[in-house]
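As provided, input_1.txt (compact mmCIF, C-alpha atoms) reads as follows.
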```txt
# COMPACT_ATOMS: atom_id res chain seq x y z
CA MET A 1 15.48 23.05 -3.26
CA SER A 2 18.02 20.27 -3.36
CA SER A 3 18.26 17.30 -1.07
CA GLY A 4 21.04 16.43 1.31
CA THR A 5 23.29 18.66 3.38
CA ASP A 6 23.95 21.31 0.75
CA SER A 7 21.42 23.68 2.38
CA LEU A 8 21.38 23.29 6.15
CA ASP A 9 19.20 26.31 6.93
CA PRO A 10 16.08 25.79 4.80
CA ALA A 11 13.53 28.60 4.82
CA ASP A 12 10.75 26.00 4.83
CA PRO A 13 11.96 22.98 6.84
CA VAL A 14 8.75 21.04 6.32
CA GLY A 15 8.95 21.52 2.56
CA TYR A 16 12.61 20.49 2.67
CA PHE A 17 11.73 17.28 4.50
CA LEU A 18 8.83 16.48 2.16
CA GLU A 19 11.05 16.95 -0.88
CA ASP A 20 13.57 14.51 0.56
CA LEU A 21 10.77 12.00 1.12
CA THR A 22 10.27 12.11 -2.65
CA TYR A 23 13.95 11.39 -3.26
CA HIS A 24 13.71 8.46 -0.86
CA GLY A 25 10.93 6.91 -2.94
CA LYS A 26 8.00 7.54 -0.61
CA THR A 27 4.58 7.50 -2.23
CA ASP A 28 2.43 10.60 -2.74
CA ARG A 29 0.01 9.21 -0.20
CA THR A 30 2.75 8.96 2.44
CA LYS A 31 3.95 12.47 1.68
CA ARG A 32 0.42 13.85 1.99
CA SER A 33 0.05 12.16 5.37
CA TYR A 34 3.28 13.70 6.63
CA GLU A 35 2.43 17.11 5.21
CA ARG A 36 -1.00 17.15 6.84
CA VAL A 37 0.48 16.41 10.28
CA LEU A 38 3.53 18.64 9.99
CA ARG A 39 1.63 21.64 8.67
CA ARG A 40 -0.88 21.19 11.50
CA PHE A 41 1.98 21.19 13.99
CA GLU A 42 3.52 24.21 12.29
CA ALA A 43 0.28 26.17 12.61
CA PHE A 44 -0.14 25.01 16.23
CA VAL A 45 3.30 26.26 17.24
CA ALA A 46 2.82 29.55 15.39
CA ASP A 47 -0.48 30.12 17.19
CA ARG A 48 1.00 29.07 20.54
CA ARG A 49 3.82 31.60 20.11
CA GLY A 50 1.43 34.33 19.01
CA GLU A 51 2.63 34.41 15.42
CA ASN A 52 -0.25 35.20 13.08
CA ASP A 53 1.06 33.24 10.16
CA ALA A 54 3.45 30.32 10.02
CA ALA A 55 4.91 31.97 6.93
CA ASP A 56 6.31 34.73 9.13
CA GLU A 57 10.04 34.57 9.81
CA GLY A 58 10.68 32.20 6.94
CA ARG A 59 8.23 29.56 8.03
CA ASN A 60 10.80 28.14 10.44
CA VAL A 61 8.67 27.83 13.57
CA THR A 62 9.30 24.09 13.70
CA ALA A 63 13.04 24.75 13.81
CA ARG A 64 12.51 26.82 16.96
CA ALA A 65 9.96 24.54 18.63
CA THR A 66 10.83 23.18 22.08
CA HIS A 67 9.94 19.89 23.71
CA ARG A 68 7.17 21.74 25.57
CA ASP A 69 5.69 22.86 22.23
CA CYS A 70 5.75 19.24 21.12
CA MET A 71 4.18 18.00 24.34
CA ALA A 72 1.45 20.62 24.07
CA PHE A 73 0.72 19.61 20.46
CA VAL A 74 0.43 15.92 21.33
CA HIS A 75 -1.81 16.77 24.28
CA SER A 76 -4.05 18.88 22.01
CA LEU A 77 -4.74 15.81 19.90
CA ARG A 78 -6.03 13.72 22.81
CA GLY A 79 -9.78 13.44 22.99
CA ASP A 80 -10.25 14.34 19.32
CA LEU A 81 -8.30 11.39 17.92
CA ALA A 82 -7.92 7.71 18.77
CA GLU A 83 -4.88 6.82 20.87
CA SER A 84 -3.27 4.98 17.95
CA THR A 85 -3.74 8.05 15.73
CA VAL A 86 -2.18 10.31 18.35
CA ALA A 87 0.79 7.93 18.45
CA THR A 88 1.02 7.97 14.65
CA TYR A 89 1.05 11.78 14.53
CA ALA A 90 3.76 11.83 17.19
CA ALA A 91 5.78 9.27 15.23
CA TYR A 92 5.59 11.44 12.11
CA LEU A 93 6.81 14.44 14.07
CA HIS A 94 9.59 12.41 15.67
CA ARG A 95 10.72 11.12 12.27
CA TYR A 96 10.75 14.69 10.93
CA TYR A 97 12.95 15.98 13.73
CA THR A 98 15.22 12.94 13.65
CA TYR A 99 15.85 13.41 9.94
CA MET A 100 16.34 17.16 10.11
CA THR A 101 18.83 16.64 12.95
CA GLN A 102 20.69 13.95 11.03
CA VAL A 103 21.17 16.17 7.96
CA GLY A 104 22.34 19.05 10.14
CA ALA A 105 19.40 21.38 9.54
CA PHE A 106 18.34 21.28 13.22
CA ASP A 107 20.51 21.10 16.32
CA SER A 108 18.40 18.63 18.29
CA ASN A 109 15.21 16.56 18.34
CA PRO A 110 12.65 17.97 20.82
CA MET A 111 10.40 14.92 20.29
CA THR A 112 12.82 12.45 21.90
CA LEU A 113 11.65 13.09 25.46
CA VAL A 114 8.01 13.31 24.35
CA MET A 115 8.15 9.86 22.76
CA GLU A 116 9.72 8.37 25.89
CA GLU A 117 6.95 9.74 28.13
CA MET A 118 3.92 9.04 25.90
CA ASP A 119 1.44 6.36 26.96
CA GLU A 120 -0.12 6.01 23.50
CA SER A 121 1.29 3.54 21.00
CA VAL A 122 0.69 2.80 17.33
CA ASP A 123 -1.71 -0.09 16.83
CA LYS A 124 0.15 -2.13 14.22
CA ASP A 125 -2.51 -4.82 14.05
CA PRO A 126 -5.92 -3.16 14.54
CA ALA A 127 -8.97 -5.31 15.00
CA ARG A 128 -10.74 -5.42 11.66
CA ARG A 129 -14.24 -6.07 10.46
CA GLU A 130 -14.89 -9.80 10.31
CA ILE A 131 -16.15 -10.86 6.88
CA ASP A 132 -16.69 -14.49 6.01
CA VAL A 133 -16.39 -15.97 2.53
CA PRO A 134 -20.17 -16.04 1.79
CA ALA A 135 -20.42 -12.34 2.69
CA MET A 136 -17.51 -11.54 0.39
CA ARG A 137 -19.20 -13.50 -2.40
CA ALA A 138 -22.31 -11.35 -1.97
CA PHE A 139 -20.16 -8.22 -2.15
CA LEU A 140 -18.43 -9.37 -5.33
CA ASP A 141 -21.73 -10.26 -6.93
CA ARG A 142 -22.49 -6.53 -7.09
CA VAL A 143 -19.21 -5.71 -8.85
CA ARG A 144 -19.97 -6.09 -12.55
CA HIS A 145 -17.53 -3.72 -14.28
CA PRO A 146 -14.89 -6.03 -15.88
CA LEU A 147 -11.93 -3.92 -14.72
CA HIS A 148 -13.22 -3.40 -11.19
CA ARG A 149 -14.15 -7.06 -10.84
CA ALA A 150 -10.74 -8.22 -12.07
CA VAL A 151 -8.91 -5.82 -9.76
CA ILE A 152 -10.85 -6.80 -6.65
CA VAL A 153 -10.71 -10.55 -7.32
CA THR A 154 -6.96 -10.29 -7.96
CA LEU A 155 -6.45 -8.57 -4.61
CA LEU A 156 -8.63 -11.11 -2.82
CA LYS A 157 -7.08 -14.15 -4.47
CA THR A 158 -3.44 -13.12 -4.15
CA GLY A 159 -3.13 -10.92 -1.06
CA MET A 160 -0.85 -8.54 -2.94
CA ARG A 161 -0.55 -4.87 -2.09
CA VAL A 162 -2.33 -2.30 -4.21
CA GLY A 163 0.96 -0.92 -5.58
CA GLU A 164 2.04 -4.41 -6.58
CA LEU A 165 -1.22 -4.90 -8.44
CA CYS A 166 -0.76 -1.63 -10.33
CA ASN A 167 2.78 -2.63 -11.33
CA LEU A 168 1.70 -5.89 -13.01
CA ASP A 169 2.44 -6.08 -16.73
CA LEU A 170 1.16 -8.60 -19.26
CA ARG A 171 4.55 -10.30 -19.11
CA ASP A 172 3.83 -11.08 -15.44
CA VAL A 173 0.66 -13.05 -16.21
CA SER A 174 0.86 -16.65 -17.39
CA MET A 175 -2.45 -18.10 -18.67
CA PRO A 176 -1.43 -20.26 -21.65
CA ASP A 177 -4.79 -22.00 -22.03
CA SER A 178 -6.96 -18.90 -21.75
CA ALA A 179 -8.65 -17.16 -24.67
CA ALA A 180 -6.53 -14.09 -23.90
CA ALA A 181 -3.35 -15.96 -24.80
CA SER A 182 -4.29 -15.81 -28.48
CA THR A 183 -4.61 -12.00 -28.34
CA TYR A 184 -1.82 -10.98 -25.99
CA GLU A 185 1.76 -12.03 -25.40
CA LEU A 186 1.40 -13.18 -21.82
CA GLY A 187 3.78 -14.56 -19.21
CA THR A 188 7.09 -13.96 -20.94
CA ARG A 189 9.00 -13.71 -17.66
CA PRO A 190 11.63 -16.50 -17.48
CA ALA A 191 10.44 -17.29 -13.93
CA LEU A 192 7.04 -18.27 -15.38
CA GLU A 193 8.37 -20.63 -18.05
CA SER A 194 7.70 -23.78 -16.04
CA ARG A 195 4.90 -22.33 -13.95
CA PRO A 196 1.77 -21.86 -16.08
CA ASP A 197 -1.34 -20.22 -14.64
CA SER A 198 0.51 -17.93 -12.30
CA LEU A 199 1.40 -14.30 -11.57
CA TYR A 200 4.91 -12.94 -11.12
CA VAL A 201 5.28 -10.15 -8.57
CA THR A 202 8.66 -8.45 -8.75
CA GLY A 203 10.53 -7.05 -5.80
CA ASP A 204 12.32 -4.48 -7.97
CA ALA A 205 9.67 -1.79 -8.53
CA ARG A 206 10.56 1.62 -7.06
CA VAL A 207 8.57 4.85 -7.19
CA GLY A 208 9.61 6.94 -10.16
CA GLU A 209 12.19 4.40 -11.36
CA GLU A 210 11.91 2.86 -14.82
CA LEU A 211 10.87 -0.78 -15.02
CA ASN A 212 10.15 -2.50 -18.33
CA GLY A 213 10.47 0.85 -20.05
CA GLU A 214 8.08 2.81 -17.81
CA PRO A 215 8.57 4.85 -14.60
CA ARG A 216 6.40 3.35 -11.88
CA PRO A 217 3.78 5.19 -9.76
CA ALA A 218 4.21 2.84 -6.79
CA ALA A 219 6.78 0.61 -5.14
CA ASN A 220 6.65 -3.13 -4.53
CA LYS A 221 7.52 -3.79 -0.89
CA ARG A 222 8.37 -7.46 -1.30
CA LYS A 223 11.63 -8.80 0.05
CA ARG A 224 11.99 -10.84 -3.13
CA GLU A 225 10.05 -11.80 -6.25
CA THR A 226 7.08 -14.13 -5.77
CA VAL A 227 5.13 -16.42 -8.09
CA ILE A 228 1.46 -16.75 -7.13
CA PRO A 229 -0.85 -19.41 -8.64
CA ILE A 230 -3.86 -18.34 -10.71
CA ASP A 231 -6.90 -20.51 -10.04
CA ASP A 232 -9.82 -20.95 -12.43
CA GLU A 233 -11.86 -18.11 -10.88
CA LEU A 234 -9.07 -15.56 -11.19
CA GLU A 235 -8.32 -16.74 -14.72
CA ARG A 236 -11.99 -16.27 -15.61
CA VAL A 237 -12.16 -12.62 -14.46
CA LEU A 238 -8.77 -11.75 -15.93
CA THR A 239 -9.80 -13.25 -19.27
CA ALA A 240 -13.06 -11.27 -19.20
CA TRP A 241 -11.10 -8.09 -18.46
CA LEU A 242 -8.52 -8.68 -21.20
CA ALA A 243 -11.34 -9.21 -23.71
CA VAL A 244 -12.32 -5.52 -23.29
CA ARG A 245 -9.03 -3.96 -22.12
CA PRO A 246 -8.19 -0.75 -24.01
CA ASP A 247 -4.89 -0.55 -25.83
CA ALA A 248 -2.24 0.53 -23.35
CA VAL A 249 -0.51 3.90 -23.64
CA SER A 250 2.69 2.45 -22.20
CA PRO A 251 4.91 0.06 -24.17
CA ALA A 252 5.32 -1.85 -20.88
CA GLU A 253 1.78 -3.19 -21.50
CA PRO A 254 0.28 -2.88 -18.01
CA LEU A 255 -2.24 -5.54 -17.05
CA PHE A 256 -4.66 -2.99 -15.61
CA VAL A 257 -5.31 0.28 -17.45
CA GLY A 258 -7.90 3.02 -17.10
CA THR A 259 -11.25 2.90 -18.85
CA SER A 260 -12.45 6.44 -18.16
CA GLY A 261 -10.51 9.72 -17.93
CA SER A 262 -7.16 7.94 -17.87
CA TRP A 263 -8.06 5.75 -20.85
CA GLY A 264 -5.32 3.23 -21.55
CA GLU A 265 -2.99 4.54 -18.83
CA ARG A 266 -1.63 2.31 -16.08
CA LEU A 267 -3.95 2.13 -13.12
CA ASP A 268 -2.54 3.89 -10.05
CA PRO A 269 -3.08 3.06 -6.36
CA GLN A 270 -5.24 6.12 -5.70
CA THR A 271 -7.69 5.04 -8.42
CA VAL A 272 -7.86 1.50 -7.05
CA ARG A 273 -8.52 2.79 -3.53
CA HIS A 274 -11.29 5.03 -4.85
CA VAL A 275 -12.92 2.16 -6.74
CA VAL A 276 -12.88 -0.12 -3.70
CA GLU A 277 -14.13 2.65 -1.44
CA GLU A 278 -17.13 3.34 -3.67
CA TYR A 279 -18.21 -0.31 -3.74
CA ALA A 280 -17.56 -0.76 -0.03
CA ARG A 281 -19.47 2.41 0.86
CA ASP A 282 -22.42 1.31 -1.24
CA HIS A 283 -22.33 -2.06 0.55
CA GLY A 284 -22.21 -0.51 4.02
CA TRP A 285 -18.59 -1.49 4.55
CA TYR A 286 -17.07 1.99 4.46
CA ARG A 287 -17.74 5.14 6.44
CA THR A 288 -15.78 8.39 6.31
CA GLY A 289 -13.71 8.48 9.47
CA GLY A 290 -14.41 4.81 10.16
CA GLY A 291 -10.78 3.73 10.31
CA ALA A 292 -9.11 0.37 9.76
CA SER A 293 -11.34 -1.42 12.25
CA GLU A 294 -14.45 -0.66 10.20
CA ASN A 295 -13.63 0.21 6.62
CA VAL A 296 -12.99 -2.22 3.78
CA THR A 297 -10.08 -1.04 1.63
CA PRO A 298 -7.61 -2.70 -0.74
CA HIS A 299 -5.43 -3.43 2.28
CA TYR A 300 -8.39 -5.13 3.95
CA PHE A 301 -8.40 -7.64 1.07
CA ARG A 302 -4.79 -8.51 1.97
CA HIS A 303 -5.95 -9.10 5.55
CA PHE A 304 -8.86 -11.23 4.29
CA PHE A 305 -6.51 -13.34 2.15
CA THR A 306 -4.05 -13.85 5.00
CA THR A 307 -6.66 -14.74 7.60
CA HIS A 308 -8.74 -17.15 5.54
CA LEU A 309 -5.92 -18.92 3.73
CA ARG A 310 -3.87 -19.31 6.90
CA ASP A 311 -6.86 -20.74 8.75
CA ARG A 312 -7.58 -23.18 5.93
CA THR A 313 -4.01 -24.37 5.36
CA GLY A 314 -2.51 -24.12 8.83
CA ASP A 315 0.69 -23.36 6.90
CA ARG A 316 2.01 -19.93 7.82
CA GLY A 317 5.09 -20.42 5.67
CA VAL A 318 3.20 -20.73 2.39
CA VAL A 319 0.99 -17.75 3.24
CA LYS A 320 4.01 -15.63 4.13
CA TYR A 321 5.66 -16.65 0.86
CA LEU A 322 2.58 -15.62 -1.12
CA ARG A 323 2.42 -12.30 0.74
CA GLY A 324 6.06 -11.66 -0.10
CA ASP A 325 7.20 -10.92 3.44
CA VAL A 326 9.56 -13.79 4.29
CA ALA A 327 13.34 -13.92 4.53
CA GLU A 328 15.50 -15.26 1.70
CA ASP A 329 16.28 -18.60 3.32
CA ILE A 330 12.59 -19.37 3.71
CA ILE A 331 11.55 -18.04 0.32
CA ASP A 332 14.24 -20.18 -1.34
CA THR A 333 12.62 -23.29 0.11
CA TYR A 334 9.30 -22.51 -1.56
CA THR A 335 10.93 -21.27 -4.75
CA HIS A 336 12.79 -24.53 -5.29
CA ASN A 337 9.80 -26.72 -4.52
CA TRP A 338 7.13 -24.36 -5.79
CA GLY A 339 4.83 -26.89 -7.45
CA ASP A 340 4.43 -29.14 -4.43
CA GLN A 341 4.58 -26.66 -1.58
CA VAL A 342 2.98 -23.58 -3.06
CA ARG A 343 0.70 -24.49 -5.95
CA ALA A 344 -0.63 -27.70 -4.41
CA THR A 345 -1.36 -26.01 -1.08
CA TYR A 346 -2.91 -22.98 -2.75
CA GLU A 347 -5.15 -24.91 -5.13
CA THR A 348 -6.35 -27.21 -2.38
CA HIS A 349 -7.30 -24.48 0.06
CA ILE A 350 -8.03 -21.21 -1.78
CA TYR A 351 -11.59 -20.07 -1.13
CA ARG A 352 -14.27 -19.83 -3.85
CA LEU A 353 -15.59 -16.33 -4.47
CA LEU A 354 -17.66 -16.46 -7.65
```

As structure tokens, please, write out the structure in this file.
Amino acid sequence: MSSGTDSLDPADPVGYFLEDLTYHGKTDRTKRSYERVLRRFEAFVADRRGENDAADEGRNVTARATHRDCMAFVHSLRGDLAESTVATYAAYLHRYYTYMTQVGAFDSNPMTLVMEEMDESVDKDPARREIDVPAMRAFLDRVRHPLHRAVIVTLLKTGMRVGELCNLDLRDVSMPDSAAASTYELGTRPALESRPDSLYVTGDARVGEELNGEPRPAANKRKRETVIPIDDELERVLTAWLAVRPDAVSPAEPLFVGTSGSWGERLDPQTVRHVVEEYARDHGWYRTGGGASENVTPHYFRHFFTTHLRDRTGDRGVVKYLRGDVAEDIIDTYTHNWGDQVRATYETHIYRLL
């Protein structure tokens, strides 16, 4: 089925919406989240209307749902799910109806009134498990696999998102004095020419779009490119990883590639999340159903980086630059005076993990 307004009466509206999410560059994980909620709503409305199967009548029960159906669905979630999760499910449903109305597939959005009357709200900054630096050192001490150790230390030392980590190529890594530099062509990005011992994180990666000769499995959500210093600990684990790294399948030469079933293929976000989950579960830092307030995930490492580096430096600007979530006028300030304002601050205050 094609995207856009060329088919305004889709037999499967949910499938139509999910396909358009793909065209808009949403990740598989995002699409699965939407599909889980929307199919649950679809089944709920079908059952509420006495239809035995949502597939009946062209699977268009969501197109005929009223605001009372939506209110009843949201109410059915209460008690079973946290308030923030209820709000998230409602937001997914609201986004679905908004989009389908905008493209002309539906006449109106029955979730508008529901959203106005709901008491629940999405918790955009959930309280998270508090882990100090010594506790994180103890956790890392149990991570011995060279790839896993390099991935986790990179996340902890840079605060980058998991998709950004997976998109790193050898050209994005400058370590001119490391043993790896004699084996690999590292750090060939022009932005790294005068910035040795650093990582380049592009803002150009898009899901499915070709970058450096390879379609990417994840997007980089940075407002602009960022150069992040590499300290001696990160250089040590990256050098150890590159000493055993399999030959890459892709000519883009990814920094991180698989060492098991996906031998030599670029690491993808799902694999990284699985690796972190296994170590965290074994350490007592992950429980199925535990949620963001309890579980340690790759995104938790971004939170850890932000919290500890901000507390140590007292400089929110540098931390926001490193995270890649500042406006152009601010990022230009740090870009033009990178050595003094970024590297010096980072090297002085970055925590020791090994």

Next item on the list: Could you check which of A:Val61, A:Met175, A:Pro251, A:Leu77 is closest to Gly213 of chain A, using all atoms listed in the file?
Entry: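 Using all atoms listed in the file, Gly213 of chain A sits closest to A:Pro251.
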
Note to self: From the options A:Glu35, A:Glu117, A:Glu130, A:Glu210, which residue's atoms come nearest to Tyr89 of chain A, counting all atoms listed in the file?
What the structure shows: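 Checking each candidate against Tyr89 of chain A, we get A:Glu35 as the closest.
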
Next item on the list: Would you mind reading off the distance between atom CA of Asp172 of chain A and atom CA of Ala219 of chain A, one decimal, in Å?
Entry: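 So the two atoms, atom CA of Asp172 of chain A and atom CA of Ala219 of chain A, lie 15.9 Å apart.
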
Notebook entry, point to check: Just how far from atom CA of Leu81 of chain A is atom CA of Met100 of chain A, in Å to one decimal?
Noted result: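 For atom CA of Met100 of chain A relative to atom CA of Leu81 of chain A, the distance reads 26.5 Å.
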
Segment 87-166 of chain A near segment 232-236 of chain A within 8 Å: what's each residue's closest atom pair and its distance in Å to one decimal, counting all atoms listed in the file, ordered by chain then ascending residue number, as JSON lines?
```
{"residue": "A:Ala150", "atom": "CA", "partner": "A:Leu234", "partner_atom": "CA", "distance": 7.6}
{"residue": "A:Val153", "atom": "CA", "partner": "A:Leu234", "partner_atom": "CA", "distance": 6.5}
{"residue": "A:Thr154", "atom": "CA", "partner": "A:Leu234", "partner_atom": "CA", "distance": 6.5}
{"residue": "A:Lys157", "atom": "CA", "partner": "A:Leu234", "partner_atom": "CA", "distance": 7.1}
```

Check: Leaving out Ala205 of chain A and any residue of its chain fewer than 2 positions from it, which residues lie within 8 Å of it when counting all atoms listed in the file, given as a PyMOL selection string?
Finding: chain A and resi 167+202-203+207+209+211+216+218-220

Go through segment 98-179 of chain A and flag each residue having an atom no more than 9 Å from segment 293-313 of chain A; for those, report the closest pair of atoms plus their distance in Å to one decimal, using all atoms listed in the file, ordered by chain and rising number, as a Markdown table.
```
| residue | atom | partner | partner_atom | distance |
| --- | --- | --- | --- | --- |
| A:Pro126 | CA | A:Ser293 | CA | 6.1 |
| A:Ala127 | CA | A:Ser293 | CA | 5.3 |
| A:Arg128 | CA | A:Ser293 | CA | 4.1 |
| A:Arg129 | CA | A:Glu294 | CA | 5.4 |
| A:Glu130 | CA | A:Phe304 | CA | 8.6 |
| A:Ile131 | CA | A:Phe304 | CA | 7.7 |
| A:Asp132 | CA | A:His308 | CA | 8.4 |
| A:Val133 | CA | A:His308 | CA | 8.3 |
| A:Ile152 | CA | A:Pro298 | CA | 7.9 |
| A:Leu155 | CA | A:Phe301 | CA | 6.1 |
| A:Leu156 | CA | A:Phe301 | CA | 5.2 |
| A:Lys157 | CA | A:Phe305 | CA | 6.7 |
| A:Thr158 | CA | A:Phe305 | CA | 7.0 |
| A:Gly159 | CA | A:Arg302 | CA | 4.2 |
| A:Met160 | CA | A:Arg302 | CA | 6.3 |
| A:Arg161 | CA | A:His299 | CA | 6.7 |
| A:Val162 | CA | A:Pro298 | CA | 6.3 |
```

Next item on the list: In Å, rounded to a single decimal, give me how far atom CA of Leu199 of chain A is from atom CA of Glu225 of chain A.
Entry: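 Answer for the atom CA of Glu225 of chain A to atom CA of Leu199 of chain A separation: 10.5 Å.
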
Check: What's the 6 Å shell around Glu83 of chain A, counting only C-alpha atoms, without same-chain residues fewer than 2 positions away, as a PyMOL selection string?
Finding: chain A and resi 85-86+120

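Ranking A:Gly163, A:Gly284, A:Gly104, A:Pro246 by their shortest atom-to-atom distance to Val272 of chain A, with all atoms listed in the file included, puts A:Gly163 first.
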
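Nearest to Leu140 of chain A of all the residues A:Tyr346, A:Arg39, A:Leu242, A:Val237 is A:Val237, based on all atoms listed in the file.
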
Next item on the list: Tell me, as number ranges by chain, which residues lie within 8 Å of Glu265 of chain A, counting all atoms listed in the file; anything in the same chain fewer than 5 positions away does not count.
Entry: A: 248-250, 257-258

Next item on the list: Could you check which of A:Gly187, A:Ala91, A:Arg48, A:Gly324 is closest to Glu116 of chain A, using only C-alpha atoms?
Entry: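 That would be A:Ala91, the residue with the smallest distance to Glu116 of chain A.
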